[in-house]
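Notes to accompany the following structure.
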Amino acid sequence: MDWAVFTVFAVRVGVGNRPGTSEGEYLSHCVQDRAKPVALSLLDSSSMQEVLHGVAMELQDCAFQLLQGVMVTDRDEVGFVAADVAVLLDAVPAALDGAEPSDLWKASVRRFRAHGRALDTYAKKAVKVLVVGGSANTNCLVAMISAPSIPVENFTCLTRRHRNQDRDRDQAIPHWEAPMIRAGTHTFSNAASEAKAACDHLSAWWSGTKQGEWMSMGVVSDRNGYGIPEGLIYPFPVTVQAGRWHIIPGLVLPPLLRQKMPLCARELLRERDIALASLVNSHL
């Protein structure tokens, strides 16, 4: 049995312009797509515990055969302990009344700094971490550098949803272009689609990609072979075997995509520099 922890700040009802969605809708997709037993830990602030208990009841009422249990907590030392998988769903909203952009970055960095430290302290060293939500690439990077005892390749962010959408429109054309061009937006409009993408991401990471197939995954950019600066979390085409992803070398790319790649990298470098400066200036 695997133990998965979800930080669910970002999937509260009505948050992120997703009225009518719920944490249960998101998590039920992840549970029903599992191929082996799983227990869930739902982690959020103390003010959200009543909501999370409702989510737990919703999941239990679904009677998923592979769901072995649901724990609700507001404590990192409980929620992250011995985790095999961590899905970090929370993100600071892109716009808050009266909030300066620098304040939003500080709040986001503070949150994912805490997540990284909690993972480093309590989770298994082989934990697989998936970051979902606003500025997922940079939030993933902050969590990664805050957990030095966990291998960098264990940190990824979600980019697959856009490829799923493009594939649904035209299954004959492989699309790496969409997640690359849109990597700076990280905006999801549909909780069910986001949930399906996260489940596909985790399923492929856990079970491997099929022969001749690849997926888009936001991973550390070191030694990428595409001219992207190192030290970023960047979406690349990858295959997965035995739980390890591998960037596909030498993929022939359309000229437009080649033009967009450095622009995307430049934006992520800007985000990274802001985040790292915030870490230093805030003494986090």
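Convention: chains lettered A, B, ... in structure tokens order; per-chain residue numbering from 1; ligands numbered from 1 as shown.
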
Set the distance at 8 Å and use only C-alpha atoms: which residues neighbour A:Trp245 once local chain neighbours fewer than 5 positions away are removed? I'd like the list as a ChimeraX atom specification. /A:153,205,238-240

Skipping near chain neighbours, those fewer than 5 positions away, what residues fall within 9 Å of stretch 214-227 of chain A using only C-alpha atoms, listed as a PyMOL selection string? chain A and resi 136-137+140-141+152-160+163+175-176+179-180+183+201+204+209+232-240+245+247-251+261-262

I need the residues from that last selection saved to file as a short mmCIF file (atom, residue, chain, number, x, y, z; two decimals), in the first residue's frame (with C-alpha atoms), if you can.
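What ended up in again-v7.cif:
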```
data_model
loop_
_atom_site.label_atom_id
_atom_site.label_comp_id
_atom_site.auth_asym_id
_atom_site.auth_seq_id
_atom_site.Cartn_x
_atom_site.Cartn_y
_atom_site.Cartn_z
CA ALA A 136 3.90 25.43 -10.60
CA ASN A 137 7.37 25.41 -12.19
CA CYS A 140 8.29 23.11 -7.56
CA LEU A 141 11.82 24.53 -7.72
CA VAL A 152 16.00 16.40 -7.55
CA GLU A 153 14.51 14.02 -10.10
CA ASN A 154 11.75 13.24 -7.58
CA PHE A 155 10.25 16.73 -8.05
CA THR A 156 7.97 17.42 -11.03
CA CYS A 157 5.22 19.83 -11.99
CA LEU A 158 2.10 19.29 -14.04
CA THR A 159 2.13 20.18 -17.74
CA ARG A 160 0.22 17.23 -19.14
CA ARG A 163 -1.29 17.95 -24.06
CA HIS A 175 1.77 17.96 -29.18
CA TRP A 176 4.71 19.10 -27.14
CA PRO A 179 2.64 22.77 -22.74
CA MET A 180 5.85 24.52 -23.75
CA ALA A 183 4.23 26.90 -19.33
CA HIS A 201 1.04 12.15 -14.75
CA ALA A 204 2.86 7.18 -16.01
CA THR A 209 5.16 5.06 -20.38
CA LEU A 232 14.95 25.38 -13.75
CA ILE A 233 11.87 23.20 -13.61
CA TYR A 234 10.93 23.11 -17.27
CA PRO A 235 8.51 20.99 -19.36
CA PHE A 236 10.26 18.42 -21.54
CA PRO A 237 9.16 15.34 -23.50
CA VAL A 238 10.06 12.33 -21.38
CA THR A 239 9.73 8.58 -21.23
CA VAL A 240 9.45 6.78 -17.89
CA TRP A 245 11.94 9.78 -16.18
CA ILE A 247 14.29 13.42 -21.36
CA ILE A 248 13.97 12.38 -25.00
CA PRO A 249 17.06 13.66 -26.84
CA GLY A 250 17.02 15.20 -30.28
CA LEU A 251 13.28 15.50 -30.80
CA MET A 261 11.31 27.78 -25.88
CA PRO A 262 13.86 30.47 -24.94
#
```

Selection: 12 Å around A:His53, only C-alpha atoms, excl. self and same-chain fewer than 6 positions, as a ChimeraX atom specification: /A:23-24,41-44,46-47,59-60,70-74

If you measure from atom CA of A:Ala56 to atom CA of A:Gln68, what distance in Å do you get, rounded to one decimal?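 Between these atoms lies a distance of 11.9 Å.
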